[in-house]
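Just target-v7.txt here, compact mmCIF, C-alpha atoms and all ligand atoms:
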```txt
# COMPACT_ATOMS: atom_id res chain seq x y z
CA MET A 1 -20.57 -2.44 12.96
CA PHE A 2 -16.89 -1.54 12.19
CA THR A 3 -17.85 0.77 9.29
CA ASP A 4 -19.65 4.07 8.53
CA SER A 5 -18.00 6.42 11.00
CA PRO A 6 -19.48 9.92 11.27
CA THR A 7 -17.80 13.06 9.96
CA GLN A 8 -17.62 16.18 12.12
CA GLU A 9 -16.96 19.79 11.12
CA ILE A 10 -14.42 21.67 13.23
CA PHE A 11 -12.37 24.87 13.18
CA PHE A 12 -8.65 24.31 13.37
CA ALA A 13 -5.79 26.76 12.87
CA GLY A 14 -8.31 29.35 11.65
CA HIS A 15 -9.78 27.02 9.04
CA LYS A 16 -12.96 25.05 8.68
CA MET A 17 -12.22 21.39 8.17
CA PHE A 18 -13.67 17.96 8.84
CA VAL A 19 -12.74 15.02 11.05
CA LYS A 20 -13.66 11.47 10.14
CA ARG A 21 -14.41 9.94 13.55
CA ASP A 22 -13.03 6.45 13.05
CA ASP A 23 -12.32 6.52 16.81
CA LEU A 24 -16.05 5.94 17.26
CA LEU A 25 -16.21 2.77 15.15
CA HIS A 26 -16.00 0.32 18.05
CA PRO A 27 -14.69 0.54 21.63
CA ASP A 28 -12.24 -2.36 21.14
CA PHE A 29 -11.37 -1.89 17.47
CA SER A 30 -11.41 1.85 17.18
CA GLY A 31 -9.74 3.68 14.35
CA ASN A 32 -7.40 2.02 11.98
CA LYS A 33 -7.51 -1.37 13.76
CA ALA A 34 -11.20 -1.65 12.83
CA ARG A 35 -10.14 -0.96 9.25
CA LYS A 36 -6.97 -3.08 9.25
CA PHE A 37 -8.53 -6.10 10.97
CA PHE A 38 -11.91 -5.82 9.22
CA HIS A 39 -10.88 -8.70 6.96
CA PHE A 40 -10.72 -11.07 9.94
CA LEU A 41 -13.58 -9.56 11.89
CA LYS A 42 -16.11 -10.05 9.13
CA SER A 43 -14.83 -13.10 7.33
CA ASN A 44 -15.60 -16.71 8.14
CA ASN A 45 -12.76 -17.92 5.93
CA ASN A 46 -10.42 -18.28 8.88
CA ASN A 47 -12.12 -21.19 10.60
CA HIS A 48 -8.96 -23.28 10.25
CA VAL A 49 -6.88 -20.74 12.23
CA LYS A 50 -5.92 -21.73 15.77
CA CYS A 51 -3.15 -19.26 16.56
CA VAL A 52 -2.31 -15.73 15.53
CA VAL A 53 1.27 -14.47 15.84
CA GLY A 54 1.93 -10.76 15.96
CA SER A 55 4.79 -8.46 16.90
CA GLY A 56 5.44 -4.86 17.84
CA SER A 57 5.62 -2.69 20.92
CA ALA A 58 4.27 -3.99 24.22
CA GLN A 59 2.29 -0.76 24.50
CA ALA A 60 0.89 -0.79 20.97
CA ASN A 61 -2.78 -0.32 20.16
CA SER A 62 -2.47 -3.25 17.79
CA LEU A 63 -1.53 -5.59 20.65
CA TYR A 64 -4.77 -4.78 22.44
CA SER A 65 -6.93 -5.02 19.30
CA LEU A 66 -5.28 -8.31 18.30
CA SER A 67 -5.98 -9.68 21.79
CA VAL A 68 -9.67 -8.83 21.43
CA LEU A 69 -9.74 -10.34 17.94
CA ALA A 70 -8.08 -13.55 19.17
CA LYS A 71 -10.47 -13.78 22.11
CA LEU A 72 -13.48 -13.24 19.85
CA LYS A 73 -12.32 -15.92 17.42
CA GLY A 74 -11.06 -18.36 20.06
CA TRP A 75 -7.48 -18.14 18.72
CA ASP A 76 -4.26 -18.28 20.75
CA LEU A 77 -2.27 -15.05 20.48
CA ASP A 78 1.52 -15.00 20.70
CA TYR A 79 2.82 -11.46 20.44
CA TYR A 80 6.58 -10.84 20.21
CA VAL A 81 8.17 -7.69 21.57
CA SER A 82 11.80 -6.56 21.76
CA HIS A 83 11.66 -5.96 25.46
CA ILE A 84 9.17 -5.77 28.33
CA SER A 85 10.10 -2.92 30.64
CA ASP A 86 10.04 -3.21 34.43
CA ALA A 87 7.35 -0.51 34.48
CA LEU A 88 5.07 -2.70 32.36
CA THR A 89 5.73 -5.75 34.50
CA GLN A 90 4.86 -3.62 37.53
CA GLN A 91 1.60 -2.58 35.86
CA LEU A 92 0.57 -6.22 35.80
CA LEU A 93 1.58 -6.87 39.39
CA SER A 94 -0.08 -3.74 40.77
CA VAL A 95 -3.14 -4.18 43.01
CA SER A 96 -5.04 -1.68 40.88
CA PRO A 97 -3.44 -2.10 37.42
CA VAL A 98 -3.78 0.71 34.88
CA ASN A 99 -6.04 0.01 31.97
CA SER A 100 -3.21 0.06 29.41
CA ASN A 101 -2.99 -1.76 26.07
CA TYR A 102 -0.52 -4.20 27.63
CA VAL A 103 -2.52 -4.96 30.78
CA GLN A 104 -5.79 -5.34 28.86
CA ALA A 105 -4.17 -7.59 26.26
CA VAL A 106 -2.66 -9.88 28.89
CA LYS A 107 -6.05 -10.01 30.62
CA ASN A 108 -7.55 -11.09 27.29
CA GLY A 109 -5.13 -14.00 27.21
CA ALA A 110 -2.34 -12.63 24.98
CA ASN A 111 1.03 -14.32 25.46
CA VAL A 112 3.36 -11.35 25.23
CA LYS A 113 6.88 -12.73 24.70
CA ALA A 114 10.15 -10.82 24.72
CA VAL A 115 12.49 -12.07 21.98
CA ASN A 116 15.61 -13.63 23.45
CA TRP A 117 18.09 -11.72 21.29
CA SER A 118 21.04 -13.75 22.60
CA ASP A 119 19.58 -16.88 20.97
CA LYS A 120 21.83 -17.59 17.96
CA ARG A 121 18.79 -18.04 15.71
CA PHE A 122 18.33 -14.27 15.85
CA ASN A 123 21.98 -13.37 15.13
CA GLN A 124 21.21 -11.97 11.69
CA CYS A 125 17.89 -10.36 12.66
CA GLN A 126 17.59 -6.59 12.58
CA HIS A 127 13.87 -6.27 13.27
CA LEU A 128 11.15 -8.06 15.20
CA ASP A 129 9.54 -9.21 11.96
CA ASP A 130 12.85 -10.95 11.05
CA ALA A 131 12.89 -12.72 14.42
CA VAL A 132 9.29 -13.90 13.96
CA GLU A 133 10.29 -15.16 10.50
CA GLN A 134 12.86 -17.41 12.22
CA LEU A 135 10.15 -18.84 14.47
CA LYS A 136 7.71 -19.67 11.66
CA SER A 137 8.86 -23.27 11.21
CA ASP A 138 8.35 -23.97 14.95
CA TYR A 139 4.77 -22.72 14.68
CA TYR A 140 4.09 -24.73 11.53
CA LEU A 141 5.36 -27.84 13.30
CA HIS A 142 3.27 -27.17 16.37
CA TYR A 143 0.00 -26.11 14.74
CA GLY A 144 0.20 -26.97 11.04
CA LYS A 145 0.69 -24.43 8.25
CA GLN A 146 -2.99 -23.53 7.73
CA GLU A 147 -3.61 -23.05 11.40
CA VAL A 148 -1.25 -20.17 12.13
CA LEU A 149 -1.81 -16.63 10.99
CA PHE A 150 1.16 -14.25 11.00
CA ILE A 151 0.37 -10.56 11.17
CA PRO A 152 3.35 -8.23 10.67
CA GLU A 153 4.06 -5.33 12.99
CA GLY A 154 1.35 -2.66 12.98
CA GLY A 155 -0.90 -4.77 10.72
CA ARG A 156 1.29 -3.95 7.70
CA CYS A 157 -0.12 -6.56 5.36
CA GLU A 158 -2.39 -7.15 2.37
CA TYR A 159 -5.27 -8.10 4.67
CA ALA A 160 -5.57 -4.43 5.67
CA LYS A 161 -6.73 -3.57 2.14
CA THR A 162 -10.26 -4.90 2.67
CA GLY A 163 -11.19 -2.52 5.48
CA VAL A 164 -9.25 0.47 4.14
CA ALA A 165 -11.11 0.09 0.81
CA ILE A 166 -14.37 0.52 2.74
CA LEU A 167 -12.96 3.66 4.36
CA ALA A 168 -12.13 4.94 0.86
CA SER A 169 -15.71 4.33 -0.30
CA GLU A 170 -17.13 6.13 2.73
CA ILE A 171 -14.92 9.17 2.00
CA ILE A 172 -15.80 9.23 -1.71
CA ASN A 173 -19.54 8.95 -1.01
CA TRP A 174 -19.31 11.68 1.60
CA ALA A 175 -17.45 14.00 -0.80
CA ILE A 176 -20.09 13.41 -3.50
CA GLU A 177 -22.95 14.01 -1.05
CA TYR A 178 -21.44 17.33 0.09
CA ASP A 179 -20.44 18.45 -3.42
CA ILE A 180 -16.75 18.48 -2.59
CA ASP A 181 -14.59 18.05 -5.67
CA LYS A 182 -11.15 18.89 -4.28
CA LEU A 183 -10.33 17.10 -1.07
CA THR A 184 -7.16 16.45 0.91
CA VAL A 185 -7.42 13.56 3.33
CA PHE A 186 -4.81 13.93 6.07
CA LEU A 187 -3.66 11.21 8.47
CA PRO A 188 -0.43 10.62 10.40
CA SER A 189 1.46 7.44 9.48
CA GLY A 190 3.33 4.79 11.41
CA THR A 191 3.89 1.92 8.99
CA GLY A 192 2.07 3.92 6.28
CA THR A 193 -0.27 0.99 5.59
CA THR A 194 -3.50 2.93 6.10
CA ALA A 195 -2.38 5.97 4.09
CA LEU A 196 -1.01 3.92 1.20
CA TYR A 197 -3.97 1.57 0.81
CA LEU A 198 -6.32 4.53 1.17
CA GLN A 199 -4.74 6.43 -1.74
CA GLN A 200 -4.56 3.24 -3.78
CA SER A 201 -8.20 2.45 -3.22
CA ILE A 202 -9.31 6.06 -3.86
CA ASN A 203 -7.40 6.04 -7.17
CA GLU A 204 -9.15 2.81 -8.16
CA LYS A 205 -12.63 4.03 -7.24
CA CYS A 206 -12.61 7.72 -8.25
CA ASP A 207 -13.39 9.09 -11.68
CA GLN A 208 -11.55 12.18 -12.98
CA HIS A 209 -14.19 14.62 -11.68
CA LEU A 210 -13.17 13.95 -8.11
CA ASP A 211 -9.75 15.07 -6.96
CA ILE A 212 -9.03 13.30 -3.65
CA LYS A 213 -5.43 13.27 -2.44
CA VAL A 214 -4.07 11.56 0.65
CA MET A 215 -1.47 13.55 2.56
CA THR A 216 0.48 12.14 5.48
CA CYS A 217 3.45 12.70 7.76
CA SER A 218 5.91 10.31 9.29
CA THR A 219 5.79 9.78 13.04
CA VAL A 220 8.32 6.94 13.15
CA GLY A 221 11.75 7.01 11.56
CA GLY A 222 11.45 9.96 9.16
CA ASP A 223 10.31 10.44 5.57
CA ASP A 224 12.78 8.02 3.94
CA TYR A 225 11.68 5.26 6.29
CA LEU A 226 8.03 5.93 5.40
CA VAL A 227 8.78 5.77 1.66
CA SER A 228 10.59 2.45 2.24
CA GLN A 229 7.47 1.19 4.06
CA PHE A 230 5.29 2.24 1.09
CA ARG A 231 7.64 0.34 -1.21
CA ARG A 232 7.25 -2.83 0.85
CA LEU A 233 3.51 -2.67 0.17
CA SER A 234 3.39 -1.43 -3.41
CA SER A 235 5.64 -0.73 -6.38
CA THR A 236 3.15 1.74 -7.91
CA ILE A 237 4.58 5.14 -7.04
CA SER A 238 1.47 6.96 -8.30
CA CYS A 239 -0.48 5.61 -5.32
CA PHE A 240 2.06 6.81 -2.75
CA PRO A 241 0.52 9.53 -0.57
CA GLU A 242 2.26 12.89 -0.37
CA ILE A 243 4.53 13.09 2.70
CA VAL A 244 4.80 16.50 4.36
CA THR A 245 6.49 17.90 7.50
CA ASP A 246 6.41 21.05 9.59
CA GLY A 247 10.20 21.29 9.44
CA ASN A 248 10.73 19.56 12.80
CA LYS A 249 12.10 16.10 13.52
CA TYR A 250 10.03 14.32 16.13
CA HIS A 251 11.02 11.10 17.89
CA PHE A 252 8.23 8.60 18.28
CA GLY A 253 6.92 8.34 21.84
CA LYS A 254 8.96 11.33 23.05
CA LEU A 255 7.11 14.11 24.87
CA TYR A 256 7.06 17.61 23.36
CA LEU A 257 5.41 20.48 25.21
CA ASN A 258 4.30 22.33 22.06
CA LEU A 259 2.60 19.16 20.76
CA PHE A 260 0.83 18.55 24.06
CA GLU A 261 -0.37 22.17 24.15
CA LEU A 262 -1.76 21.81 20.65
CA TRP A 263 -3.52 18.56 21.66
CA GLN A 264 -5.00 20.33 24.71
CA GLU A 265 -6.10 23.31 22.60
CA VAL A 266 -7.87 21.06 20.08
CA LEU A 267 -9.59 19.18 22.90
CA ALA A 268 -10.78 22.46 24.43
CA THR A 269 -12.01 23.99 21.16
CA THR A 270 -13.55 20.93 19.49
CA GLY A 271 -14.27 18.52 22.35
CA ILE A 272 -12.42 15.78 20.45
CA THR A 273 -9.85 13.68 22.31
CA PHE A 274 -7.12 12.66 19.91
CA ASP A 275 -4.45 10.07 20.63
CA LEU A 276 -1.20 11.28 22.15
CA LEU A 277 1.32 9.38 20.01
CA TYR A 278 0.39 9.97 16.38
CA ASP A 279 -2.17 12.79 16.36
CA PRO A 280 -0.14 15.57 18.02
CA ILE A 281 2.45 15.22 15.23
CA GLY A 282 -0.30 14.91 12.62
CA LEU A 283 -2.10 18.00 13.89
CA ALA A 284 1.13 20.05 14.11
CA VAL A 285 2.08 19.15 10.54
CA LEU A 286 -1.44 19.82 9.25
CA LYS A 287 -1.48 23.18 11.06
CA HIS A 288 1.76 24.09 9.28
CA GLN A 289 0.27 23.09 5.91
CA LEU A 290 -2.83 25.23 6.58
CA GLN A 291 -0.78 28.21 7.75
CA THR A 292 1.49 28.10 4.72
CA ARG A 293 -1.65 28.04 2.57
CA ALA A 294 -0.48 24.83 0.93
CA LEU A 295 -4.06 23.53 0.97
CA LEU A 296 -5.74 26.63 -0.42
CA GLY A 297 -8.88 25.85 -2.43
CA ARG A 298 -9.19 22.32 -1.04
CA GLU A 299 -11.41 20.90 1.68
CA VAL A 300 -9.54 19.00 4.37
CA LEU A 301 -10.63 15.79 6.08
CA TYR A 302 -8.51 14.58 9.00
CA ILE A 303 -8.88 10.93 9.93
CA HIS A 304 -9.08 10.23 13.64
CA GLN A 305 -7.52 6.77 13.80
CA GLY A 306 -8.42 5.98 17.42
CA GLY A 307 -5.73 4.66 19.73
CA LEU A 308 -7.20 6.30 22.82
CA LEU A 309 -6.37 3.42 25.15
CA GLY A 310 -2.72 4.42 24.74
CA ASN A 311 -3.60 7.79 26.34
CA VAL A 312 -4.09 6.01 29.65
CA THR A 313 -0.31 5.85 30.01
CA MET A 314 0.66 8.85 27.83
CA LEU A 315 -1.57 11.44 29.54
CA PRO A 316 -0.16 11.03 33.08
CA ARG A 317 3.37 11.12 31.63
CA TYR A 318 2.60 14.39 29.82
CA LEU A 319 0.81 15.93 32.80
CA ARG A 320 3.71 15.03 35.10
CA LYS A 321 6.24 16.52 32.71
CA GLN A 322 4.13 19.61 32.10
CA LYS A 323 3.89 20.16 35.84
CA ASN A 324 7.62 19.80 36.26
CA LYS A 325 8.23 21.97 33.19
CA LYS A 326 10.82 19.44 32.16
CA LEU A 327 9.60 19.13 28.61
CA ARG A 328 11.95 19.84 25.80
CA LYS A 329 10.52 22.71 23.76
CA LEU A 330 11.21 22.56 20.04
C1 LIG B 1 -3.90 5.85 16.52
C2 LIG B 1 -3.03 5.47 15.39
N1 LIG B 1 -2.80 6.39 14.42
C3 LIG B 1 -1.99 6.10 13.38
C4 LIG B 1 -1.40 4.85 13.24
C5 LIG B 1 -0.49 4.59 12.07
O1 LIG B 1 -1.09 3.70 11.14
P1 LIG B 1 -0.23 3.03 9.98
O2 LIG B 1 0.72 2.09 10.64
O3 LIG B 1 -1.22 2.33 9.13
O4 LIG B 1 0.49 4.11 9.27
C6 LIG B 1 -1.62 3.87 14.22
C7 LIG B 1 -0.99 2.54 14.10
O5 LIG B 1 -1.59 1.57 13.73
C8 LIG B 1 -2.47 4.16 15.31
O6 LIG B 1 -2.72 3.28 16.28
```
Here is a file; write its structure as structure tokens.
Ligand SMILES: Cc1ncc(COP(=O)(O)O)c(C=O)c1O
Amino acid sequence: MFTDSPTQEIFFAGHKMFVKRDDLLHPDFSGNKARKFFHFLKSNNNNHVKCVVGSGSAQANSLYSLSVLAKLKGWDLDYYVSHISDALTQQLLSVSPVNSNYVQAVKNGANVKAVNWSDKRFNQCQHLDDAVEQLKSDYYLHYGKQEVLFIPEGGRCEYAKTGVAILASEIINWAIEYDIDKLTVFLPSGTGTTALYLQQSINEKCDQHLDIKVMTCSTVGGDDYLVSQFRRLSSTISCFPEIVTDGNKYHFGKLYLNLFELWQEVLATTGITFDLLYDPIGLAVLKHQLQTRALLGREVLYIHQGGLLGNVTMLPRYLRKQKNKKLRKL
């Protein structure tokens, strides 16, 4: 369980390529959460933990996966967000609540807490992670140092290495089995944790006969932000994945008609449902790379990183906008 996802051949943008179906790893820990949280899922070294503290968006896939992890392990989960919108609060109060990441996480017992930014302790804080840093001493007092586990936003931490290294081995073994010696592995990045640890682990495991490169695109904050995220995780520039774009600037979570149409086209032609936050940007950028022949002579493996629970709220938003033709076309 949580490893050995299948690989599927598809045609995309006039090219044969492959999709690593990490979305099929596990219904609750699909995609990169199964990889990032593998360390905790499989290890018994965390018996002393009583509480896990996370942070991020109230609609994040990682909130839901963390809530399942905490429930499985019998841990408390405190999850800090910048803000909880009225729409989300309504979701909880509704007679038939939508099955969103937020609603499911709260049902699993997650304490989702909005940071009180007017509290003077957070005066100097720019990010959620900084605010959580300020709260650490309270947690240590309450639980004891060994009993609290802090997981940074999006699972951007060393722990993610364990599961991503297994993903790297699966890809290398697959490439050897299918006699592929030049491979580009493409995946869209948020924090860049998965892409960075994947390239690092591939570099460590591959001999010189295998040329496997990780290529990614930024979905949050642009290319400079992504490089700064890589730097927070590693100082070895040779393991930084290549960052590419299609020439457009996308804003995370914003709806773009051309991206939705591409997502719909891929669903119709391959039968694969991708997520609606990261994958439409990933697929658009990959399409551009294929069309500009930048990947000529290389096989391409796209990693489906799951996140489909987020579609429960994204799909109706897109369908509503598409119907009203209010979408901003790039
Ligand atoms: C579906 C999906 N794709 C891509 C990403 C980006 O992963 P990372 O933050 O490791 O770059 C995430 C976030 O964890 C995700 O949920």
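Counting all atoms listed in the file and comparing A:Lys213, A:Lys71, A:Lys120, A:Lys161, the residue that lies closest to Arg35 in chain A is A:Lys161.
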Counting all atoms listed in the file, give me one row per residue of chain A with an atom at most 6 Å from an atom of ligand LIG 1 (chain B), showing the shortest contact pair and its distance in Å to one decimal, sorted by chain then residue number, as a Markdown table.
```
| residue | atom | partner | partner_atom | distance |
| --- | --- | --- | --- | --- |
| A:Asn61 | CA | B:LIG1 | O6 | 5.3 |
| A:Gly154 | CA | B:LIG1 | O5 | 5.2 |
| A:Pro188 | CA | B:LIG1 | C3 | 5.6 |
| A:Ser189 | CA | B:LIG1 | O4 | 3.5 |
| A:Gly190 | CA | B:LIG1 | O4 | 3.6 |
| A:Thr191 | CA | B:LIG1 | O2 | 3.6 |
| A:Gly192 | CA | B:LIG1 | O4 | 3.4 |
| A:Thr193 | CA | B:LIG1 | O3 | 3.9 |
| A:Thr194 | CA | B:LIG1 | O3 | 3.8 |
| A:Asp275 | CA | B:LIG1 | C1 | 5.9 |
| A:Tyr278 | CA | B:LIG1 | N1 | 5.2 |
| A:Gln305 | CA | B:LIG1 | C1 | 4.6 |
| A:Gly306 | CA | B:LIG1 | C1 | 4.6 |
| A:Gly307 | CA | B:LIG1 | C1 | 3.9 |
```
Return the single residue from A:His39, A:Lys113, A:Arg231, A:Arg317 that is closest to Ile166 in chain A, with distances computed using only C-alpha atoms.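 Closest to Ile166 in chain A of all the choices is A:His39.
In this comparison, which uses all atoms listed in the file, the residue of A:Thr3, A:Gln229, A:Gln291, A:Gln59 approaching Leu196 in chain A most closely is A:Gln229.
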If you count all atoms listed in the file, which residues fall within 8 Å of range 72-84 of chain A, apart from same-chain ones fewer than 6 positions away, as a PDB file with C-alpha atoms, in the coordinates of the input?
```
ATOM      1  CA  VAL A  49      -6.880 -20.740  12.230  1.00  0.00           C
ATOM      2  CA  LYS A  50      -5.920 -21.730  15.770  1.00  0.00           C
ATOM      3  CA  CYS A  51      -3.150 -19.260  16.560  1.00  0.00           C
ATOM      4  CA  VAL A  52      -2.310 -15.730  15.530  1.00  0.00           C
ATOM      5  CA  VAL A  53       1.270 -14.470  15.840  1.00  0.00           C
ATOM      6  CA  GLY A  54       1.930 -10.760  15.960  1.00  0.00           C
ATOM      7  CA  SER A  55       4.790  -8.460  16.900  1.00  0.00           C
ATOM      8  CA  GLY A  56       5.440  -4.860  17.840  1.00  0.00           C
ATOM      9  CA  SER A  57       5.620  -2.690  20.920  1.00  0.00           C
ATOM     10  CA  ALA A  58       4.270  -3.990  24.220  1.00  0.00           C
ATOM     11  CA  LEU A  63      -1.530  -5.590  20.650  1.00  0.00           C
ATOM     12  CA  LEU A  66      -5.280  -8.310  18.300  1.00  0.00           C
ATOM     13  CA  GLY A 109      -5.130 -14.000  27.210  1.00  0.00           C
ATOM     14  CA  ALA A 110      -2.340 -12.630  24.980  1.00  0.00           C
ATOM     15  CA  ASN A 111       1.030 -14.320  25.460  1.00  0.00           C
ATOM     16  CA  VAL A 112       3.360 -11.350  25.230  1.00  0.00           C
ATOM     17  CA  LYS A 113       6.880 -12.730  24.700  1.00  0.00           C
ATOM     18  CA  ALA A 114      10.150 -10.820  24.720  1.00  0.00           C
ATOM     19  CA  VAL A 115      12.490 -12.070  21.980  1.00  0.00           C
ATOM     20  CA  LEU A 128      11.150  -8.060  15.200  1.00  0.00           C
ATOM     21  CA  VAL A 132       9.290 -13.900  13.960  1.00  0.00           C
TER      22      VAL A 132
END
```
With all atoms listed in the file as the counted atoms, please give the residues lying no more than 10 Å from Ala160 in chain A, apart from itself and same-chain residues fewer than 5 positions off, as a CSV table (one decimal) with C-alpha atoms, in the coordinates of the input.
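Saved file around01.csv follows:
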```
chain,number,residue,atom,x,y,z
A,32,ASN,CA,-7.4,2.0,12.0
A,33,LYS,CA,-7.5,-1.4,13.8
A,34,ALA,CA,-11.2,-1.6,12.8
A,35,ARG,CA,-10.1,-1.0,9.2
A,36,LYS,CA,-7.0,-3.1,9.2
A,37,PHE,CA,-8.5,-6.1,11.0
A,38,PHE,CA,-11.9,-5.8,9.2
A,39,HIS,CA,-10.9,-8.7,7.0
A,40,PHE,CA,-10.7,-11.1,9.9
A,155,GLY,CA,-0.9,-4.8,10.7
A,165,ALA,CA,-11.1,0.1,0.8
A,193,THR,CA,-0.3,1.0,5.6
A,194,THR,CA,-3.5,2.9,6.1
A,197,TYR,CA,-4.0,1.6,0.8
```
As an exercise, work out the distance from CA of Phe186 in chain A to CA of Asn203 in chain A in Å and give it to one decimal place. 15.6 Å
Within 12 Å of Leu290 in chain A, counting only C-alpha atoms, which residues qualify if same-chain residues fewer than 4 places away don't, as a ChimeraX atom specification? /A:11-17,184,186,244-246,283-286,294-300
Could you check which of A:Ala60, A:Ala195, A:Val312, A:Leu135 is closest to Leu233 in chain A, using only C-alpha atoms?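 Of the candidates, the smallest distance to Leu233 in chain A is held by A:Ala195.
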Select, from A:Lys254, A:Lys42, A:Lys107, A:Arg293, the residue with the minimum atom-to-atom distance to Lys321 in chain A, counting all atoms listed in the file. A:Lys254
Between A:Phe122, A:Tyr225, A:Phe260, A:Phe18, single out the one closest to Tyr318 in chain A, counting all atoms listed in the file.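 Looking only at the distances to Tyr318 in chain A, the closest residue turns out to be A:Phe260.
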Taking the partial coordinates given, rebuild range 37-53 of chain A to contain N, CA, C and O atoms; return it as a PDB file, keeping the file's coordinate frame.
```pdb
ATOM      1  N   PHE A  37      -8.139  -4.729  10.603  1.00  0.00           N
ATOM      2  CA  PHE A  37      -8.530  -6.100  10.970  1.00  0.00           C
ATOM      3  C   PHE A  37      -9.933  -6.470  10.484  1.00  0.00           C
ATOM      4  O   PHE A  37     -10.435  -7.536  10.813  1.00  0.00           O
ATOM      5  N   PHE A  38     -10.549  -5.565   9.706  1.00  0.00           N
ATOM      6  CA  PHE A  38     -11.910  -5.820   9.220  1.00  0.00           C
ATOM      7  C   PHE A  38     -11.991  -7.179   8.510  1.00  0.00           C
ATOM      8  O   PHE A  38     -12.947  -7.925   8.671  1.00  0.00           O
ATOM      9  N   HIS A  39     -10.951  -7.464   7.733  1.00  0.00           N
ATOM     10  CA  HIS A  39     -10.880  -8.700   6.960  1.00  0.00           C
ATOM     11  C   HIS A  39     -11.147  -9.921   7.848  1.00  0.00           C
ATOM     12  O   HIS A  39     -11.872 -10.832   7.473  1.00  0.00           O
ATOM     13  N   PHE A  40     -10.563  -9.918   9.040  1.00  0.00           N
ATOM     14  CA  PHE A  40     -10.720 -11.070   9.940  1.00  0.00           C
ATOM     15  C   PHE A  40     -12.009 -10.976  10.734  1.00  0.00           C
ATOM     16  O   PHE A  40     -12.642 -11.977  11.049  1.00  0.00           O
ATOM     17  N   LEU A  41     -12.386  -9.739  11.064  1.00  0.00           N
ATOM     18  CA  LEU A  41     -13.580  -9.560  11.890  1.00  0.00           C
ATOM     19  C   LEU A  41     -14.823 -10.046  11.172  1.00  0.00           C
ATOM     20  O   LEU A  41     -15.728 -10.615  11.760  1.00  0.00           O
ATOM     21  N   LYS A  42     -14.879  -9.779   9.877  1.00  0.00           N
ATOM     22  CA  LYS A  42     -16.110 -10.050   9.130  1.00  0.00           C
ATOM     23  C   LYS A  42     -16.081 -11.350   8.350  1.00  0.00           C
ATOM     24  O   LYS A  42     -17.102 -11.793   7.862  1.00  0.00           O
ATOM     25  N   SER A  43     -14.884 -11.941   8.217  1.00  0.00           N
ATOM     26  CA  SER A  43     -14.830 -13.100   7.330  1.00  0.00           C
ATOM     27  C   SER A  43     -14.890 -14.412   8.116  1.00  0.00           C
ATOM     28  O   SER A  43     -14.376 -14.528   9.226  1.00  0.00           O
ATOM     29  N   ASN A  44     -15.553 -15.389   7.522  1.00  0.00           N
ATOM     30  CA  ASN A  44     -15.600 -16.710   8.140  1.00  0.00           C
ATOM     31  C   ASN A  44     -14.616 -17.665   7.484  1.00  0.00           C
ATOM     32  O   ASN A  44     -14.671 -18.863   7.684  1.00  0.00           O
ATOM     33  N   ASN A  45     -13.702 -17.074   6.667  1.00  0.00           N
ATOM     34  CA  ASN A  45     -12.760 -17.920   5.930  1.00  0.00           C
ATOM     35  C   ASN A  45     -11.565 -18.342   6.775  1.00  0.00           C
ATOM     36  O   ASN A  45     -10.622 -18.916   6.261  1.00  0.00           O
ATOM     37  N   ASN A  46     -11.596 -17.984   8.047  1.00  0.00           N
ATOM     38  CA  ASN A  46     -10.420 -18.280   8.880  1.00  0.00           C
ATOM     39  C   ASN A  46     -10.722 -19.357   9.907  1.00  0.00           C
ATOM     40  O   ASN A  46     -10.060 -19.423  10.935  1.00  0.00           O
ATOM     41  N   ASN A  47     -11.698 -20.181   9.613  1.00  0.00           N
ATOM     42  CA  ASN A  47     -12.120 -21.190  10.600  1.00  0.00           C
ATOM     43  C   ASN A  47     -11.005 -22.177  10.945  1.00  0.00           C
ATOM     44  O   ASN A  47     -11.021 -22.770  12.019  1.00  0.00           O
ATOM     45  N   HIS A  48     -10.058 -22.343  10.008  1.00  0.00           N
ATOM     46  CA  HIS A  48      -8.960 -23.280  10.250  1.00  0.00           C
ATOM     47  C   HIS A  48      -7.901 -22.710  11.197  1.00  0.00           C
ATOM     48  O   HIS A  48      -7.076 -23.434  11.722  1.00  0.00           O
ATOM     49  N   VAL A  49      -7.936 -21.377  11.415  1.00  0.00           N
ATOM     50  CA  VAL A  49      -6.880 -20.740  12.230  1.00  0.00           C
ATOM     51  C   VAL A  49      -7.029 -21.125  13.703  1.00  0.00           C
ATOM     52  O   VAL A  49      -8.133 -21.149  14.245  1.00  0.00           O
ATOM     53  N   LYS A  50      -5.896 -21.425  14.327  1.00  0.00           N
ATOM     54  CA  LYS A  50      -5.920 -21.730  15.770  1.00  0.00           C
ATOM     55  C   LYS A  50      -5.059 -20.729  16.555  1.00  0.00           C
ATOM     56  O   LYS A  50      -5.281 -20.525  17.730  1.00  0.00           O
ATOM     57  N   CYS A  51      -4.076 -20.153  15.841  1.00  0.00           N
ATOM     58  CA  CYS A  51      -3.150 -19.260  16.560  1.00  0.00           C
ATOM     59  C   CYS A  51      -2.784 -18.075  15.672  1.00  0.00           C
ATOM     60  O   CYS A  51      -2.550 -18.232  14.477  1.00  0.00           O
ATOM     61  N   VAL A  52      -2.769 -16.898  16.269  1.00  0.00           N
ATOM     62  CA  VAL A  52      -2.310 -15.730  15.530  1.00  0.00           C
ATOM     63  C   VAL A  52      -1.007 -15.262  16.181  1.00  0.00           C
ATOM     64  O   VAL A  52      -0.878 -15.264  17.413  1.00  0.00           O
ATOM     65  N   VAL A  53      -0.030 -14.919  15.328  1.00  0.00           N
ATOM     66  CA  VAL A  53       1.270 -14.470  15.840  1.00  0.00           C
ATOM     67  C   VAL A  53       1.509 -13.047  15.355  1.00  0.00           C
ATOM     68  O   VAL A  53       1.500 -12.777  14.153  1.00  0.00           O
TER      69      VAL A  53
END
```
